[in-house]
Amino acid sequence: MKDLFTYEEFVNMMQKYGLKHSKRKLVRGENIHTHAAHLNSVILLIDGYISTYTCEAPGNLLTICDPGIFLSYSILEETSLVVTNIVLSETCEIYEYRKEDIEYALTLFPENFGFQYFFLKRIGRHLYYKTLLNGKPHKEKLYYAMKYLGELIGSKDQNGNIVLPKEITLKILIEYSTLSKAAFYRQRICLLEKEILQTNKKHFILREVVPELA
């Protein structure tokens with residue numbers, strides 16, 4: 001199932017229908033909606049990482065997105081833009097599609113209905129893990145913040161440890177975990193002392209454990 005209805009397949013499908021996209025390169029710190037080709041563009045992240053904030057609370061980090069996710073999919077639900085997306089990588093690449101073209105491709109051809117499910121499922125995972133994090137005990141926030149980011153955008157090394165992308169910095173972890181700086185550094189020191197957390201070439205590496213048993 002993992003290889004079904006991928007964003008690469010979606011791009012090829014749109015090309016097959018002759019539905020064009022605009023390609024843009026962005027740099028770190030840039031808002032992806034600035035200089036958008038159309039006000040109602042649906043944006044697909046192709047390369048790089050994006051930090052996402054809600055428009056209601058622009059100072060609160062919602063999640064980090066990696067390639068293959070739609071960054072303005074709410075437009076298809078006839079709602080106003082609800083998030084702000086800022087480039088986190090040094091550079092990133094996005095494809096912009098017209099809302100009408102996406103609606104055409106995903107609603108008129110039954111063989112394409114699966115794209116809608118998998119795209120929404122991917123967006124939903126980010127909200128799911130953020131909700132789980134909000135419910136964790138304060139003393140375990142940093143561990144689970146790193147664990148959940150690993151589930152969303154990380155990888156595993158040969159020992160089964162979670163490896164976070166280099167874009168996940170101390171600042172991002174503080175924002176995502178919602179901890180104060182003092183609490184964050186206390187929990188970080190604790191994880192380092194127990195060898196649950198380590199760094200390697202600017203990457204954070206997390207050993208999966210049950211924190212209260214560590």
# chains A, B, ... in the order shown; residues from 1 in each chain; ligands from 1
call {"tool": "select_by_dssp", "arguments": {"residues": "range 46-154 of chain A", "states": "alpha helix (DSSP H)", "output": "PyMOL selection string"}}
result
chain A and resi 99-107+113-134+141-153
call {"tool": "residues_around", "arguments": {"residues": "Pro165 in chain A", "least_positions_apart": "3", "cutoff": "7 Å", "atoms": "only C-alpha atoms", "output": "list of chain:residue names"}}
result
A:Gly154, A:Ile168, A:His203
call {"tool": "residues_around", "arguments": {"residues": "Gly48 in chain A", "least_positions_apart": "6", "cutoff": "8 Å", "atoms": "only C-alpha atoms", "output": "PyMOL selection string"}}
result
chain A and resi 66-67+87-93
call {"tool": "residues_around", "arguments": {"residues": "Asn112 in chain A", "least_positions_apart": "5", "cutoff": "10 Å", "atoms": "only C-alpha atoms", "output": "PDB file with N, CA and C atoms, in the first residue's frame"}}
result
ATOM      1  N   PHE A   5      -0.532   5.307  -5.131  1.00  0.00           N
ATOM      2  CA  PHE A   5      -0.985   6.694  -5.130  1.00  0.00           C
ATOM      3  C   PHE A   5       0.049   7.635  -4.498  1.00  0.00           C
ATOM      4  N   PHE A  10       1.182  10.929  -8.846  1.00  0.00           N
ATOM      5  CA  PHE A  10       0.238  12.029  -9.053  1.00  0.00           C
ATOM      6  C   PHE A  10       0.782  13.023 -10.091  1.00  0.00           C
ATOM      7  N   MET A  13       0.465  11.560 -13.459  1.00  0.00           N
ATOM      8  CA  MET A  13      -0.936  11.530 -13.868  1.00  0.00           C
ATOM      9  C   MET A  13      -1.388  12.894 -14.378  1.00  0.00           C
ATOM     10  N   ALA A 105      -9.049  16.398 -11.951  1.00  0.00           N
ATOM     11  CA  ALA A 105      -8.332  15.120 -12.002  1.00  0.00           C
ATOM     12  C   ALA A 105      -8.792  14.144 -10.934  1.00  0.00           C
ATOM     13  N   LEU A 106      -9.177  14.649  -9.771  1.00  0.00           N
ATOM     14  CA  LEU A 106      -9.488  13.768  -8.645  1.00  0.00           C
ATOM     15  C   LEU A 106     -10.968  13.424  -8.511  1.00  0.00           C
ATOM     16  N   THR A 107     -11.836  14.103  -9.247  1.00  0.00           N
ATOM     17  CA  THR A 107     -13.264  13.843  -9.090  1.00  0.00           C
ATOM     18  C   THR A 107     -13.911  13.213 -10.318  1.00  0.00           C
ATOM     19  N   TYR A 117      -7.580   9.975  -0.668  1.00  0.00           N
ATOM     20  CA  TYR A 117      -7.464   9.272   0.611  1.00  0.00           C
ATOM     21  C   TYR A 117      -6.042   9.337   1.159  1.00  0.00           C
TER      22      TYR A 117
END
call {"tool": "select_by_dssp", "arguments": {"residues": "chain A", "states": "strand (DSSP E)", "output": "PyMOL selection string"}}
result
chain A and resi 22-27+41-47+50-54+61-65+83-87+91-98+155-156+162-163+197-200+203-206
call {"tool": "write_last_selection", "arguments": {"atoms": "N, CA and C atoms", "output": "CSV table (one decimal), in the first residue's frame"}}
result
chain,number,residue,atom,x,y,z
A,22,SER,N,3.2,25.1,-12.1
A,22,SER,CA,4.3,26.0,-12.0
A,22,SER,C,5.3,25.5,-11.0
A,23,LYS,N,6.6,25.6,-11.3
A,23,LYS,CA,7.6,25.1,-10.5
A,23,LYS,C,8.4,26.3,-9.9
A,24,ARG,N,8.6,26.3,-8.5
A,24,ARG,CA,9.3,27.4,-7.9
A,24,ARG,C,10.3,26.8,-6.9
A,25,LYS,N,11.4,27.6,-6.9
A,25,LYS,CA,12.5,27.3,-5.9
A,25,LYS,C,12.4,28.4,-4.8
A,26,LEU,N,12.5,28.0,-3.6
A,26,LEU,CA,12.5,28.9,-2.5
A,26,LEU,C,13.7,28.8,-1.6
A,27,VAL,N,13.9,29.8,-0.7
A,27,VAL,CA,15.0,29.7,0.2
A,27,VAL,C,14.6,29.8,1.6
A,41,SER,N,-3.8,28.5,-5.5
A,41,SER,CA,-2.9,27.4,-5.8
A,41,SER,C,-2.9,26.3,-4.8
A,42,VAL,N,-2.9,25.1,-5.2
A,42,VAL,CA,-2.6,24.0,-4.4
A,42,VAL,C,-1.2,23.6,-4.5
A,43,ILE,N,-0.4,23.6,-3.4
A,43,ILE,CA,1.0,23.5,-3.5
A,43,ILE,C,1.5,22.1,-3.0
A,44,LEU,N,2.3,21.5,-3.8
A,44,LEU,CA,2.9,20.2,-3.5
A,44,LEU,C,4.4,20.4,-3.3
A,45,LEU,N,4.9,20.0,-2.1
A,45,LEU,CA,6.3,20.0,-1.7
A,45,LEU,C,7.1,18.9,-2.4
A,46,ILE,N,8.0,19.3,-3.2
A,46,ILE,CA,8.8,18.3,-3.9
A,46,ILE,C,10.2,18.0,-3.3
A,47,ASP,N,10.8,19.1,-2.7
A,47,ASP,CA,12.1,18.9,-2.2
A,47,ASP,C,12.3,19.9,-1.0
A,50,ILE,N,9.5,22.0,5.3
A,50,ILE,CA,8.7,23.2,5.6
A,50,ILE,C,8.2,23.2,7.0
A,51,SER,N,8.3,24.3,7.7
A,51,SER,CA,7.7,24.4,9.0
A,51,SER,C,6.3,25.0,8.9
A,52,THR,N,5.3,24.5,9.6
A,52,THR,CA,3.9,24.9,9.4
A,52,THR,C,3.4,25.5,10.7
A,53,TYR,N,2.8,26.6,10.6
A,53,TYR,CA,2.2,27.3,11.8
A,53,TYR,C,0.7,27.6,11.4
A,54,THR,N,-0.1,27.6,12.4
A,54,THR,CA,-1.5,28.0,12.2
A,54,THR,C,-1.6,29.5,12.1
A,61,LEU,N,4.5,26.4,16.5
A,61,LEU,CA,4.8,25.4,15.4
A,61,LEU,C,3.9,24.2,15.5
A,62,LEU,N,3.2,24.0,14.4
A,62,LEU,CA,2.3,22.9,14.3
A,62,LEU,C,3.0,21.6,13.9
A,63,THR,N,3.8,21.6,12.9
A,63,THR,CA,4.5,20.4,12.4
A,63,THR,C,5.6,20.8,11.4
A,64,ILE,N,6.4,19.8,11.0
A,64,ILE,CA,7.4,19.9,10.0
A,64,ILE,C,7.0,18.9,8.9
A,65,CYS,N,7.0,19.5,7.6
A,65,CYS,CA,6.6,18.7,6.5
A,65,CYS,C,7.7,18.3,5.6
A,83,VAL,N,-3.1,27.7,7.5
A,83,VAL,CA,-1.8,27.6,8.0
A,83,VAL,C,-0.8,28.5,7.2
A,84,THR,N,0.3,28.8,7.9
A,84,THR,CA,1.4,29.5,7.2
A,84,THR,C,2.6,28.5,7.1
A,85,ASN,N,3.2,28.4,5.9
A,85,ASN,CA,4.3,27.5,5.7
A,85,ASN,C,5.6,28.3,5.4
A,86,ILE,N,6.6,28.0,6.1
A,86,ILE,CA,7.9,28.7,6.0
A,86,ILE,C,8.9,27.7,5.7
A,87,VAL,N,9.8,28.0,4.7
A,87,VAL,CA,10.9,27.1,4.3
A,87,VAL,C,11.9,26.9,5.4
A,91,THR,N,17.2,25.4,0.7
A,91,THR,CA,16.4,25.6,-0.5
A,91,THR,C,15.3,24.5,-0.5
A,92,CYS,N,14.2,24.8,-1.2
A,92,CYS,CA,13.2,23.8,-1.4
A,92,CYS,C,12.6,24.0,-2.7
A,93,GLU,N,11.9,23.1,-3.2
A,93,GLU,CA,11.2,23.2,-4.5
A,93,GLU,C,9.7,22.8,-4.3
A,94,ILE,N,8.8,23.6,-4.9
A,94,ILE,CA,7.4,23.3,-4.9
A,94,ILE,C,6.8,23.3,-6.3
A,95,TYR,N,5.7,22.5,-6.4
A,95,TYR,CA,4.9,22.6,-7.6
A,95,TYR,C,3.6,23.2,-7.3
A,96,GLU,N,3.1,24.2,-8.1
A,96,GLU,CA,1.8,24.8,-7.9
A,96,GLU,C,0.8,24.3,-8.9
A,97,TYR,N,-0.3,23.9,-8.5
A,97,TYR,CA,-1.4,23.4,-9.4
A,97,TYR,C,-2.6,24.3,-9.2
A,98,ARG,N,-3.3,24.6,-10.2
A,98,ARG,CA,-4.6,25.3,-10.1
A,98,ARG,C,-5.6,24.4,-9.4
A,155,SER,N,14.2,8.9,9.8
A,155,SER,CA,14.6,7.7,9.2
A,155,SER,C,15.2,6.8,10.3
A,156,LYS,N,15.6,5.6,10.0
A,156,LYS,CA,16.1,4.7,11.0
A,156,LYS,C,17.6,4.3,10.5
A,162,ILE,N,16.1,6.3,15.7
A,162,ILE,CA,15.5,7.3,14.9
A,162,ILE,C,16.6,8.4,14.6
A,163,VAL,N,16.7,8.8,13.4
A,163,VAL,CA,17.6,9.8,12.9
A,163,VAL,C,16.7,11.0,12.3
A,197,LEU,N,19.6,9.9,23.8
A,197,LEU,CA,19.8,10.9,22.8
A,197,LEU,C,21.3,11.1,22.5
A,198,GLN,N,21.6,11.2,21.2
A,198,GLN,CA,23.0,11.6,20.8
A,198,GLN,C,23.0,12.4,19.5
A,199,THR,N,24.0,13.0,19.2
A,199,THR,CA,24.1,13.8,18.0
A,199,THR,C,25.3,13.2,17.1
A,200,ASN,N,25.1,13.3,15.8
A,200,ASN,CA,26.1,12.8,14.9
A,200,ASN,C,26.0,13.6,13.6
A,203,HIS,N,23.0,15.7,13.2
A,203,HIS,CA,21.7,15.0,13.2
A,203,HIS,C,21.4,14.5,14.7
A,204,PHE,N,20.2,14.7,15.1
A,204,PHE,CA,19.8,14.1,16.4
A,204,PHE,C,19.5,12.7,16.2
A,205,ILE,N,20.0,11.8,17.1
A,205,ILE,CA,19.7,10.4,17.0
A,205,ILE,C,19.0,9.9,18.3
A,206,LEU,N,17.9,9.3,18.2
A,206,LEU,CA,17.1,8.9,19.4
A,206,LEU,C,16.9,7.4,19.5
call {"tool": "atom_distance", "arguments": {"atom1": "CA of Ser177 in chain A", "atom2": "CA of Lys141 in chain A"}}
result
5.9 Å
call {"tool": "closest_residue", "arguments": {"among": "A:His138, A:His21, A:Lys201, A:Gly150", "to": "Leu179 in chain A", "atoms": "only C-alpha atoms"}}
result
A:His138
call {"tool": "closest_residue", "arguments": {"among": "A:Arg188, A:Phe115, A:Lys181, A:Ile102", "to": "Leu142 in chain A", "atoms": "only C-alpha atoms"}}
result
A:Arg188
